[in-house]
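Everything below belongs to model26.tsv, which stores TSV, C-alpha atoms and all ligand atoms.
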```tsv
chain	number	residue	atom	x	y	z
A	1	MET	CA	17.06	-39.77	-2.76
A	2	ASN	CA	13.73	-41.35	-3.71
A	3	ASP	CA	10.61	-41.16	-1.63
A	4	SER	CA	7.56	-41.73	-3.78
A	5	ARG	CA	5.39	-41.77	-0.66
A	6	LEU	CA	5.35	-37.98	-0.72
A	7	CYS	CA	2.63	-35.93	-2.37
A	8	LEU	CA	2.49	-32.14	-2.53
A	9	TYR	CA	-0.82	-30.37	-3.18
A	10	VAL	CA	-0.44	-26.99	-4.86
A	11	ASP	CA	-2.61	-24.59	-6.85
A	12	ALA	CA	-3.32	-25.43	-10.49
A	13	GLN	CA	-1.86	-22.12	-11.71
A	14	PHE	CA	1.39	-22.64	-9.78
A	15	THR	CA	1.22	-19.09	-8.47
A	16	SER	CA	1.29	-19.86	-4.75
A	17	PRO	CA	4.55	-18.58	-3.25
A	18	TYR	CA	3.97	-21.04	-0.41
A	19	GLY	CA	3.57	-23.95	-2.81
A	20	MET	CA	6.71	-22.79	-4.56
A	21	SER	CA	8.69	-22.80	-1.33
A	22	CYS	CA	7.74	-26.43	-0.62
A	23	PHE	CA	8.42	-27.45	-4.22
A	24	VAL	CA	11.88	-25.84	-4.09
A	25	ALA	CA	12.61	-27.52	-0.74
A	26	LEU	CA	11.78	-30.95	-2.18
A	27	ARG	CA	13.78	-30.31	-5.35
A	28	GLU	CA	16.81	-29.00	-3.43
A	29	LYS	CA	16.73	-32.15	-1.36
A	30	CYS	CA	16.40	-34.28	-4.53
A	31	ILE	CA	13.35	-36.01	-3.12
A	32	GLU	CA	10.96	-37.67	-5.52
A	33	PHE	CA	7.38	-36.63	-4.99
A	34	LYS	CA	4.04	-36.51	-6.69
A	35	MET	CA	2.35	-33.16	-7.24
A	36	ASN	CA	-1.45	-32.83	-7.17
A	37	THR	CA	-3.07	-29.61	-8.27
A	38	LEU	CA	-6.25	-27.95	-7.06
A	39	ASP	CA	-8.15	-25.29	-8.97
A	40	LEU	CA	-8.69	-22.53	-6.41
A	41	ASP	CA	-11.03	-20.66	-8.81
A	42	THR	CA	-13.51	-23.55	-8.74
A	43	ARG	CA	-12.93	-23.98	-5.00
A	44	GLU	CA	-11.48	-27.47	-5.23
A	45	HIS	CA	-9.61	-26.66	-2.04
A	46	GLN	CA	-12.94	-26.37	-0.22
A	47	ALA	CA	-14.18	-29.80	-1.30
A	48	ALA	CA	-14.85	-32.17	1.58
A	49	ASP	CA	-11.97	-34.56	0.92
A	50	TYR	CA	-9.31	-31.85	0.66
A	51	SER	CA	-10.80	-29.91	3.60
A	52	HIS	CA	-10.46	-33.03	5.68
A	53	LEU	CA	-6.91	-33.67	4.49
A	54	SER	CA	-5.55	-30.14	4.78
A	55	GLN	CA	-7.56	-29.01	7.80
A	56	THR	CA	-6.98	-25.45	6.48
A	57	GLN	CA	-8.62	-25.52	3.01
A	58	ARG	CA	-5.48	-23.89	1.67
A	59	VAL	CA	-2.50	-24.99	-0.40
A	60	PRO	CA	0.10	-26.27	0.02
A	61	THR	CA	-0.41	-29.51	1.89
A	62	LEU	CA	2.19	-32.26	2.00
A	63	VAL	CA	1.20	-35.88	2.52
A	64	HIS	CA	3.88	-38.24	3.72
A	65	GLU	CA	2.91	-41.84	4.34
A	66	GLY	CA	-0.64	-40.85	5.24
A	67	PHE	CA	0.46	-37.93	7.43
A	68	ALA	CA	-0.91	-34.65	6.08
A	69	LEU	CA	0.72	-31.33	6.94
A	70	SER	CA	-0.33	-27.82	5.91
A	71	GLU	CA	1.32	-24.39	6.29
A	72	SER	CA	4.37	-24.08	4.07
A	73	SER	CA	6.96	-23.18	6.70
A	74	ALA	CA	5.81	-26.13	8.83
A	75	ILE	CA	6.26	-28.26	5.71
A	76	THR	CA	9.78	-26.99	4.91
A	77	GLU	CA	10.83	-27.53	8.54
A	78	TYR	CA	9.32	-31.03	8.52
A	79	LEU	CA	11.24	-31.83	5.31
A	80	GLU	CA	14.43	-30.52	6.90
A	81	ASP	CA	13.94	-32.80	9.91
A	82	LEU	CA	13.00	-35.75	7.72
A	83	PHE	CA	15.76	-35.37	5.12
A	84	PRO	CA	18.60	-33.44	6.81
A	85	GLN	CA	21.27	-34.64	4.31
A	86	THR	CA	20.88	-31.63	2.02
A	87	PRO	CA	20.03	-28.74	4.33
A	88	ILE	CA	17.71	-25.93	3.29
A	89	TYR	CA	18.13	-24.03	6.57
A	90	PRO	CA	21.40	-22.65	8.01
A	91	SER	CA	23.16	-25.03	10.41
A	92	ASN	CA	24.10	-22.24	12.83
A	93	LEU	CA	21.42	-22.01	15.51
A	94	GLN	CA	20.99	-18.24	15.41
A	95	GLN	CA	21.05	-18.04	11.63
A	96	ARG	CA	18.51	-20.84	11.53
A	97	ALA	CA	16.28	-18.88	13.88
A	98	LYS	CA	16.74	-15.79	11.66
A	99	ALA	CA	15.73	-17.79	8.59
A	100	ARG	CA	12.52	-18.71	10.40
A	101	GLN	CA	12.08	-15.05	11.35
A	102	VAL	CA	12.30	-14.08	7.68
A	103	GLN	CA	9.80	-16.78	6.70
A	104	ALA	CA	7.31	-15.76	9.40
A	105	TRP	CA	7.72	-12.06	8.61
A	106	LEU	CA	7.16	-12.50	4.87
A	107	ARG	CA	3.96	-14.41	5.64
A	108	SER	CA	2.56	-12.08	8.27
A	109	ASP	CA	3.58	-8.57	7.14
A	110	LEU	CA	3.76	-6.56	3.91
A	111	LEU	CA	0.11	-7.24	3.13
A	112	PRO	CA	-0.24	-4.17	0.85
A	113	ILE	CA	2.52	-5.51	-1.39
A	114	ARG	CA	0.90	-8.92	-1.50
A	115	GLN	CA	-2.45	-7.29	-2.36
A	116	GLU	CA	-1.21	-4.83	-4.98
A	117	ARG	CA	1.46	-7.05	-6.51
A	118	SER	CA	-0.04	-10.52	-6.66
A	119	THR	CA	2.17	-13.35	-7.86
A	120	LEU	CA	0.40	-13.09	-11.23
A	121	VAL	CA	3.09	-10.47	-11.86
A	122	VAL	CA	5.79	-13.03	-11.24
A	123	PHE	CA	4.32	-16.09	-12.95
A	124	TYR	CA	2.01	-14.64	-15.64
A	125	GLY	CA	3.66	-11.31	-16.43
A	126	VAL	CA	0.58	-9.34	-15.34
A	127	LYS	CA	1.34	-5.65	-14.66
A	128	TYR	CA	-0.35	-3.46	-12.08
A	129	GLY	CA	-0.54	0.31	-11.67
A	130	ALA	CA	1.14	2.63	-9.19
A	131	LEU	CA	1.51	1.52	-5.57
A	132	SER	CA	-0.76	3.07	-2.93
A	133	THR	CA	0.82	5.10	-0.14
A	134	CYS	CA	0.37	2.10	2.14
A	135	ALA	CA	2.12	-0.24	-0.30
A	136	GLN	CA	4.92	2.31	-0.74
A	137	SER	CA	5.48	2.25	3.04
A	138	SER	CA	5.55	-1.55	2.98
A	139	THR	CA	8.04	-1.43	0.11
A	140	GLN	CA	10.25	0.91	2.10
A	141	LYS	CA	10.08	-1.45	5.05
A	142	LEU	CA	10.91	-4.42	2.81
A	143	VAL	CA	13.88	-2.63	1.26
A	144	GLU	CA	15.30	-1.56	4.62
A	145	ALA	CA	14.94	-5.04	6.11
A	146	ALA	CA	16.42	-6.76	3.04
A	147	GLN	CA	19.39	-4.37	2.99
A	148	LEU	CA	20.04	-5.00	6.68
A	149	LEU	CA	19.74	-8.77	6.24
A	150	LEU	CA	22.09	-8.71	3.24
A	151	ALA	CA	24.60	-6.28	4.79
A	152	ASP	CA	27.22	-8.98	5.46
A	153	SER	CA	26.86	-10.93	2.24
A	154	ALA	CA	25.26	-9.77	-0.99
A	155	ASP	CA	24.83	-13.30	-2.32
A	156	TYR	CA	22.79	-15.05	0.35
A	157	LEU	CA	21.04	-14.07	3.57
A	158	PHE	CA	23.09	-16.45	5.67
A	159	GLY	CA	26.39	-17.01	3.85
A	160	GLN	CA	25.04	-19.87	1.80
A	161	TRP	CA	21.71	-20.59	0.15
A	162	SER	CA	18.69	-21.29	2.34
A	163	ILE	CA	14.97	-21.54	1.73
A	164	ALA	CA	14.61	-18.00	3.13
A	165	ASP	CA	16.52	-16.69	0.08
A	166	VAL	CA	13.94	-17.86	-2.42
A	167	GLU	CA	11.12	-16.50	-0.27
A	168	LEU	CA	12.73	-13.06	0.04
A	169	ALA	CA	13.50	-13.05	-3.70
A	170	LEU	CA	9.86	-13.85	-4.47
A	171	MET	CA	8.68	-10.90	-2.37
A	172	LEU	CA	11.19	-8.57	-4.08
A	173	ASN	CA	10.20	-9.90	-7.51
A	174	ARG	CA	6.56	-9.00	-6.97
A	175	LEU	CA	7.82	-5.42	-7.33
A	176	ILE	CA	10.85	-5.79	-9.60
A	177	LEU	CA	9.05	-7.83	-12.27
A	178	ASN	CA	6.21	-5.32	-12.24
A	179	GLY	CA	8.73	-2.59	-13.13
A	180	ASP	CA	8.83	-0.95	-9.70
A	181	SER	CA	12.32	0.29	-9.08
A	182	LEU	CA	14.32	-1.13	-6.14
A	183	PRO	CA	17.97	-0.57	-5.17
A	184	ALA	CA	20.31	-2.29	-7.66
A	185	GLN	CA	21.81	-4.54	-4.98
A	186	LEU	CA	18.38	-6.01	-4.24
A	187	GLU	CA	17.49	-6.36	-7.92
A	188	ASP	CA	20.76	-8.25	-8.50
A	189	TYR	CA	20.15	-10.44	-5.47
A	190	ALA	CA	16.61	-11.34	-6.59
A	191	GLU	CA	17.78	-12.03	-10.14
A	192	ARG	CA	20.53	-14.38	-8.91
A	193	GLN	CA	18.12	-16.25	-6.65
A	194	TRP	CA	15.69	-16.57	-9.53
A	195	GLN	CA	18.27	-18.38	-11.66
A	196	ARG	CA	18.60	-21.22	-9.17
A	197	PRO	CA	17.62	-24.44	-11.02
A	198	SER	CA	15.01	-25.53	-8.44
A	199	VAL	CA	13.39	-22.10	-8.70
A	200	GLN	CA	13.50	-22.09	-12.49
A	201	GLU	CA	11.84	-25.50	-12.50
A	202	TRP	CA	8.84	-23.99	-10.71
A	203	VAL	CA	8.89	-20.83	-12.84
A	204	LYS	CA	8.83	-22.93	-16.02
A	205	LEU	CA	5.96	-25.21	-15.04
A	206	GLU	CA	3.27	-25.24	-17.69
A	207	ARG	CA	0.44	-23.00	-16.51
A	208	PRO	CA	-3.16	-22.82	-17.68
A	209	ARG	CA	-4.12	-19.65	-19.54
A	210	LEU	CA	-5.59	-16.94	-17.36
A	301	LIG	N1	0.38	-19.41	5.61
A	301	LIG	C1	-0.03	-20.33	4.57
A	301	LIG	C2	-0.64	-19.54	3.44
A	301	LIG	C3	-1.30	-20.47	2.41
A	301	LIG	C4	-2.15	-19.69	1.45
A	301	LIG	O1	-2.47	-18.51	1.64
A	301	LIG	N2	-2.51	-20.35	0.35
A	301	LIG	C5	-3.39	-19.74	-0.62
A	301	LIG	C6	-2.80	-19.84	-2.02
A	301	LIG	S1	-1.35	-18.87	-2.14
A	301	LIG	C7	-4.72	-20.48	-0.63
A	301	LIG	O2	-4.78	-21.67	-0.48
A	301	LIG	N3	-5.79	-19.71	-0.83
A	301	LIG	C8	-7.12	-20.24	-0.88
A	301	LIG	C9	-7.97	-19.79	0.26
A	301	LIG	O3	-7.44	-19.26	1.26
A	301	LIG	O4	-9.18	-19.98	0.17
A	301	LIG	C10	1.20	-21.13	4.12
A	301	LIG	O5	2.31	-20.64	4.33
A	301	LIG	O6	1.04	-22.24	3.59
```
Would you mind writing the file's structure down as structure tokens?
Amino acid sequence: MNDSRLCLYVDAQFTSPYGMSCFVALREKCIEFKMNTLDLDTREHQAADYSHLSQTQRVPTLVHEGFALSESSAITEYLEDLFPQTPIYPSNLQQRAKARQVQAWLRSDLLPIRQERSTLVVFYGVKYGALSTCAQSSTQKLVEAAQLLLADSADYLFGQWSIADVELALMLNRLILNGDSLPAQLEDYAERQWQRPSVQEWVKLERPRL
């Protein structure tokens, strides 16, 4: 499907997990779009024009025919409503709600992991030192939740691929790719998710040097 009226604003280093989620959603749906990058280090996202467009001064923002939308999970849900032909959410009502639960949880909790294992680990190969006690507790919580969510099927959270899989894999990979040890089942899951072509496309984007 072609829709050149779509433009996705992401960070110039392509390290935003939220930008990645929207990119993967568009690629999975085979929707043509333009990608504009903003250098967060030079505060391009705080410039007047982007502030006005995004209303949040954060990436990502999607622009569709003059309609601008920020907050990545709002964007992936909007894309699902707009282009339902190739779903990125489960069709079952309760599983769909669970997928949204996972998305909201990954955005609102586990802050110590996000602070101590930035996505520079994932996209630039940066390595950090030992986790604090707080981040160890968050890791334990992440592991327990992921194991419960994957108890019925080791391959995908909800029987078949959904956008929540790539988001969970990203969170796990903050640790795994840093060399922190996680249960083998979760390492295998994250590795499989990472090989998905839409994900690899984002991973392989050309990034500026740090
Ligand atoms: N909840 C937001 C989070 C977006 C977010 O935190 N974006 C970061 C980049 S990963 C950003 O724009 N940071 C710049 C800033 O907050 O000034 C979403 O899901 O889109």
**Request:** Report the distance between CA of Glu32 in chain A and CA of Arg192 in chain A in Å, rounded to one decimal place.
**Result:**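 Result for CA of Glu32 in chain A versus CA of Arg192 in chain A: 25.4 Å, one decimal.
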**Message:** Show me which residues line ligand LIG 301 (chain A), defined as having an atom within 8 Å of a ligand atom where all atoms listed in the file count, and present them as number ranges by chain.
**Reply:** A: 11, 15-19, 40, 43, 45-46, 57-61, 70-74, 107
**Message:** Please compute the CA of Leu168 in chain A-CA of Asp41 in chain A distance, one decimal, in Å.
**Reply:**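 The value is 26.5 Å.
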**Item:** Neighbours of point (21.0, -6.4, -6.9) within 12 Å, using all atoms listed in the file, written as a ChimeraX atom specification
**Value:** /A:143,146-147,150,153-156,169,172-173,176,181-194
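One finds CA of Ala68 in chain A at 26.3 Å from CA of Ser91 in chain A.
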**Prompt:** With only C-alpha atoms as the basis for distance, which of A:Gln101, A:Gln195, A:Ser132, A:Gln200 is at the shortest distance from Gln115 in chain A?
**Reply:**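 Under the stated criterion, the closest residue is A:Ser132.
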**Asked** Do you know which residues are at most 10 Å from Leu142 in chain A counting all atoms listed in the file, after dropping those on the same chain fewer than 3 positions away, and could you put them as a PyMOL selection string?
**Response** chain A and resi 106+109-110+113+136-139+145-148+168+171-172
**Who sits within 12 Å of Arg209 in chain A, only C-alpha atoms, same chain under 2 positions skipped, as a VMD selection string** = chain A and resid 12 to 14 120 123 to 125 206 to 207
Can you write just those residues out, C-alpha atoms, as a short mmCIF file (atom, residue, chain, number, x, y, z; two decimals), in the coordinates of the input?
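Saved as result-v9.cif:
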```cif
data_model
loop_
_atom_site.label_atom_id
_atom_site.label_comp_id
_atom_site.auth_asym_id
_atom_site.auth_seq_id
_atom_site.Cartn_x
_atom_site.Cartn_y
_atom_site.Cartn_z
CA ALA A 12 -3.32 -25.43 -10.49
CA GLN A 13 -1.86 -22.12 -11.71
CA PHE A 14 1.39 -22.64 -9.78
CA LEU A 120 0.40 -13.09 -11.23
CA PHE A 123 4.32 -16.09 -12.95
CA TYR A 124 2.01 -14.64 -15.64
CA GLY A 125 3.66 -11.31 -16.43
CA GLU A 206 3.27 -25.24 -17.69
CA ARG A 207 0.44 -23.00 -16.51
#
```
